[in-house]
Amino acid sequence: MKITIIIPNYNGKRFLAPCLESLSSQNFTDFEILVIDNHSTDGSIEYIKEHYPEIRFIALDKNYGFSTAVNTGIRHSSAPYVLLLNNDTTAEPHFVEELLKAIESSSRIFSVSSKMLQMHHPDLIDGAGDLYTLLGWGVARGAGRPADNYTQTEDVFSACAGAAIYRRSAFRKIGYFDEAHFAYLEDIDVGYRAKIYGYRNIYCPAAIVHHVGSGTSGSKYNSFKVKTSARNSVWLIYKNMPLPQLILNSLPLLAGYFIKGLFFYKIGFGKDYIHGLLEGLHGLKKCKKVRFRSRHLLSYIKIEIELIKYTFHYAQDWGKRKLLKI
């Protein structure tokens, strides 16, 4: 078995049929499906038992969040590659094959992100891999742009774990998804860690998947999401940046937090954002910081260059959107 497709699920019964049916239509079939259920109460497990008895599932005893769910799946896989897939997606027939071809092209590739299109507006991109900036912002590359953009295979900062393939053996070296995150930014965190260890994360435009978006959380912004993302953003920076890099980037990082604070205040989530940041600061002692090793110095330099590059790319893209109204 080449691939284990891991689908984390929490009260996503309404999404399961289209997601699983799209996987049954793949032209590449050397994979197994493993659903990890976070203690759903909507009959998800019963539905799988009745309609998809061939599919493996693990039912957890409570909702542990995305990170624990996918880690459980990774640890229960023996395949060389694991493909993480949100339950609110449908994959086009060549999706799995193209991701496999991409990750097998080099042993230094840790993850491959797919081309995610908006389910209800398939002419628009939902994400083409993730970027990370000096402001401490994770960016879904290409979100909202026409689907005929981003047609080249290229390196990205990290893969969006909503629809991406990973080299399973690398997790034993770099560590798994941080379960303290629960959800949000955990994919950028593990992708950052992989880059420190010298791995690459790439984007594959031929692997196309359609994504509802916020299928579990229910909305783009809500109190839980804003607070948890703010907390995790603090942890992501602290864990992955050594002290000299933290000092070097302190001013743009502070500016990034200030700008986001203003944004969330304007849309009514200012208190949630502040509470999340404070929770992140109070939890720093519990964070497992990536140990600095001199042999990773070149990786840190490359990462810093990428952070600068992606900050300018984001600013340029934001300017174009404002000018062209796209």
# chains A, B, ... in the order shown; residues from 1 in each chain; ligands from 1

call {"tool": "select_by_dssp", "arguments": {"residues": "range 11-253 of chain A", "states": "strand (DSSP E)", "output": "number ranges by chain"}}
result
A: 31-37, 56-59, 81-85, 89-91, 109-118, 121-127, 130-132, 138-140, 154-155, 163-167, 200-211

call {"tool": "residues_around", "arguments": {"residues": "Asn87 in chain A", "least_positions_apart": "3", "cutoff": "9 Å", "atoms": "only C-alpha atoms", "output": "PyMOL selection string"}}
result
chain A and resi 7-10+12-13+15-16+18-20+90+162+211+215-216

call {"tool": "atom_distance", "arguments": {"atom1": "CA of Trp235 in chain A", "atom2": "CA of Leu251 in chain A"}}
result
17.4 Å

call {"tool": "select_by_dssp", "arguments": {"residues": "range 30-265 of chain A", "states": "alpha helix (DSSP H)", "output": "count of residues only"}}
result
85

call {"tool": "closest_residue", "arguments": {"among": "A:Lys227, A:Ser111, A:Tyr197, A:Arg293", "to": "Gly261 in chain A", "atoms": "only C-alpha atoms"}}
result
A:Lys227

call {"tool": "residues_around", "arguments": {"residues": "range 49-61 of chain A", "least_positions_apart": "2", "cutoff": "9 Å", "atoms": "only C-alpha atoms", "output": "number ranges by chain"}}
result
A: 17, 20, 32-40, 44-47, 63-64, 69, 72-73

call {"tool": "write_last_selection", "arguments": {"atoms": "N, CA, C and O atoms", "output": "tab-separated table (two decimals), in the first residue's frame"}}
result
chain	number	residue	atom	x	y	z
A	17	ALA	N	-20.18	11.50	2.20
A	17	ALA	CA	-20.52	10.80	0.96
A	17	ALA	C	-19.82	11.41	-0.26
A	17	ALA	O	-19.15	10.68	-1.00
A	20	LEU	N	-15.92	10.72	0.03
A	20	LEU	CA	-15.53	9.32	-0.16
A	20	LEU	C	-15.83	8.83	-1.58
A	20	LEU	O	-15.06	8.05	-2.14
A	32	GLU	N	-5.27	3.21	1.00
A	32	GLU	CA	-6.32	2.88	1.94
A	32	GLU	C	-6.87	4.17	2.52
A	32	GLU	O	-6.19	5.21	2.52
A	33	ILE	N	-8.09	4.12	3.02
A	33	ILE	CA	-8.72	5.28	3.64
A	33	ILE	C	-8.89	5.00	5.12
A	33	ILE	O	-9.37	3.94	5.52
A	34	LEU	N	-8.49	5.97	5.93
A	34	LEU	CA	-8.60	5.85	7.38
A	34	LEU	C	-9.30	7.10	7.91
A	34	LEU	O	-8.75	8.21	7.82
A	35	VAL	N	-10.50	6.95	8.43
A	35	VAL	CA	-11.23	8.07	9.01
A	35	VAL	C	-10.97	8.10	10.51
A	35	VAL	O	-11.13	7.08	11.19
A	36	ILE	N	-10.54	9.25	11.01
A	36	ILE	CA	-10.33	9.44	12.44
A	36	ILE	C	-11.45	10.34	12.95
A	36	ILE	O	-11.53	11.52	12.58
A	37	ASP	N	-12.33	9.78	13.76
A	37	ASP	CA	-13.50	10.53	14.21
A	37	ASP	C	-13.30	11.10	15.60
A	37	ASP	O	-12.98	10.39	16.55
A	38	ASN	N	-13.49	12.42	15.70
A	38	ASN	CA	-13.29	13.14	16.96
A	38	ASN	C	-14.56	13.17	17.81
A	38	ASN	O	-15.05	14.22	18.19
A	39	HIS	N	-15.08	11.97	18.08
A	39	HIS	CA	-16.25	11.82	18.96
A	39	HIS	C	-17.47	12.58	18.41
A	39	HIS	O	-18.10	13.38	19.12
A	40	SER	N	-17.79	12.32	17.15
A	40	SER	CA	-18.96	12.95	16.52
A	40	SER	C	-20.25	12.50	17.19
A	40	SER	O	-20.34	11.37	17.69
A	44	SER	N	-21.95	9.99	12.37
A	44	SER	CA	-20.91	9.79	11.34
A	44	SER	C	-20.40	8.35	11.31
A	44	SER	O	-20.28	7.74	10.25
A	45	ILE	N	-20.08	7.81	12.48
A	45	ILE	CA	-19.52	6.46	12.54
A	45	ILE	C	-20.53	5.42	12.08
A	45	ILE	O	-20.20	4.50	11.31
A	46	GLU	N	-21.76	5.58	12.51
A	46	GLU	CA	-22.80	4.65	12.09
A	46	GLU	C	-23.00	4.70	10.57
A	46	GLU	O	-23.21	3.67	9.92
A	47	TYR	N	-22.89	5.91	10.02
A	47	TYR	CA	-23.04	6.09	8.57
A	47	TYR	C	-21.92	5.36	7.82
A	47	TYR	O	-22.16	4.68	6.82
A	63	ASN	N	-13.39	15.06	21.45
A	63	ASN	CA	-12.87	15.88	20.35
A	63	ASN	C	-11.50	16.42	20.73
A	63	ASN	O	-11.38	17.40	21.47
A	64	TYR	N	-10.47	15.79	20.18
A	64	TYR	CA	-9.09	16.19	20.47
A	64	TYR	C	-8.57	17.23	19.49
A	64	TYR	O	-7.44	17.71	19.63
A	69	ALA	N	-6.00	14.12	15.83
A	69	ALA	CA	-6.67	13.20	14.90
A	69	ALA	C	-5.72	12.74	13.80
A	69	ALA	O	-5.59	11.53	13.55
A	72	THR	N	-2.90	10.53	15.07
A	72	THR	CA	-3.39	9.17	15.31
A	72	THR	C	-3.39	8.38	14.02
A	72	THR	O	-2.95	7.23	13.98
A	73	GLY	N	-3.85	9.01	12.94
A	73	GLY	CA	-3.86	8.35	11.65
A	73	GLY	C	-2.47	8.04	11.14
A	73	GLY	O	-2.21	6.94	10.63

call {"tool": "closest_residue", "arguments": {"among": "A:Asn249, A:Ser299, A:Gln118, A:Ser22", "to": "Gly142 in chain A", "atoms": "only C-alpha atoms"}}
result
A:Gln118

call {"tool": "residues_around", "arguments": {"residues": "Ile165 in chain A", "least_positions_apart": "2", "cutoff": "10 Å", "atoms": "only C-alpha atoms", "output": "NGL selection string"}}
result
:A and (3-6 or 81-85 or 96 or 99-100 or 102-103 or 110-114 or 159-163 or 167-168)

call {"tool": "write_last_selection", "arguments": {"atoms": "C-alpha atoms", "output": "mmCIF file, in the first residue's frame"}}
result
data_model
loop_
_atom_site.group_PDB
_atom_site.id
_atom_site.type_symbol
_atom_site.label_atom_id
_atom_site.label_comp_id
_atom_site.auth_asym_id
_atom_site.auth_seq_id
_atom_site.Cartn_x
_atom_site.Cartn_y
_atom_site.Cartn_z
ATOM 1 C CA ILE A 3 -0.648 5.798 0.617
ATOM 2 C CA THR A 4 -2.906 6.086 3.625
ATOM 3 C CA ILE A 5 -5.535 8.792 3.120
ATOM 4 C CA ILE A 6 -6.386 10.182 6.548
ATOM 5 C CA TYR A 81 3.101 8.404 2.388
ATOM 6 C CA VAL A 82 0.112 9.827 4.223
ATOM 7 C CA LEU A 83 -2.403 12.069 2.487
ATOM 8 C CA LEU A 84 -4.381 14.337 4.792
ATOM 9 C CA LEU A 85 -7.784 15.331 3.469
ATOM 10 C CA VAL A 96 -3.994 11.243 -5.597
ATOM 11 C CA LEU A 99 0.376 14.234 -5.414
ATOM 12 C CA LEU A 100 2.217 10.909 -5.386
ATOM 13 C CA ALA A 102 5.191 15.091 -7.034
ATOM 14 C CA ILE A 103 6.417 13.772 -3.673
ATOM 15 C CA PHE A 110 8.400 16.590 2.978
ATOM 16 C CA SER A 111 4.992 17.695 1.741
ATOM 17 C CA VAL A 112 3.065 18.521 -1.425
ATOM 18 C CA SER A 113 0.112 20.890 -1.364
ATOM 19 C CA SER A 114 -2.729 20.556 -3.849
ATOM 20 C CA ALA A 159 1.445 22.690 2.541
ATOM 21 C CA CYS A 160 -2.144 23.302 3.569
ATOM 22 C CA ALA A 161 -2.994 20.139 5.503
ATOM 23 C CA GLY A 162 -6.571 20.262 4.254
ATOM 24 C CA ALA A 163 -5.445 18.396 1.136
ATOM 25 C CA ARG A 167 6.476 11.693 3.700
ATOM 26 C CA ARG A 168 5.640 9.564 6.725
#

call {"tool": "closest_residue", "arguments": {"among": "A:Tyr203, A:Phe182, A:Tyr238, A:Phe95", "to": "Ser158 in chain A", "atoms": "only C-alpha atoms"}}
result
A:Tyr203

call {"tool": "closest_residue", "arguments": {"among": "A:Val212, A:Ala194, A:Ala79, A:Leu131", "to": "Met119 in chain A", "atoms": "only C-alpha atoms"}}
result
A:Val212

call {"tool": "residues_around", "arguments": {"residues": "Leu246 in chain A", "least_positions_apart": "6", "cutoff": "12 Å", "atoms": "only C-alpha atoms", "output": "count of residues only"}}
result
14

call {"tool": "atom_distance", "arguments": {"atom1": "CA of Cys204 in chain A", "atom2": "CA of Gly144 in chain A"}}
result
17.9 Å

call {"tool": "residues_around", "arguments": {"residues": "Asn149 in chain A", "least_positions_apart": "2", "cutoff": "10 Å", "atoms": "only C-alpha atoms", "output": "list in words"}}
result
Leu124, Ile125, Ala128, Gly142, Arg145, Pro146, Ala147, Thr151, Gln152 and Pro205 of chain A

call {"tool": "closest_residue", "arguments": {"among": "A:Ala255, A:Leu185, A:Met116, A:Met1", "to": "Ser77 in chain A", "atoms": "only C-alpha atoms"}}
result
A:Met1

call {"tool": "atom_distance", "arguments": {"atom1": "CA of Leu297 in chain A", "atom2": "CA of Leu248 in chain A"}}
result
15.0 Å

call {"tool": "closest_residue", "arguments": {"among": "A:Tyr192, A:Tyr176, A:Tyr273, A:Tyr265", "to": "Ser223 in chain A", "atoms": "only C-alpha atoms"}}
result
A:Tyr273
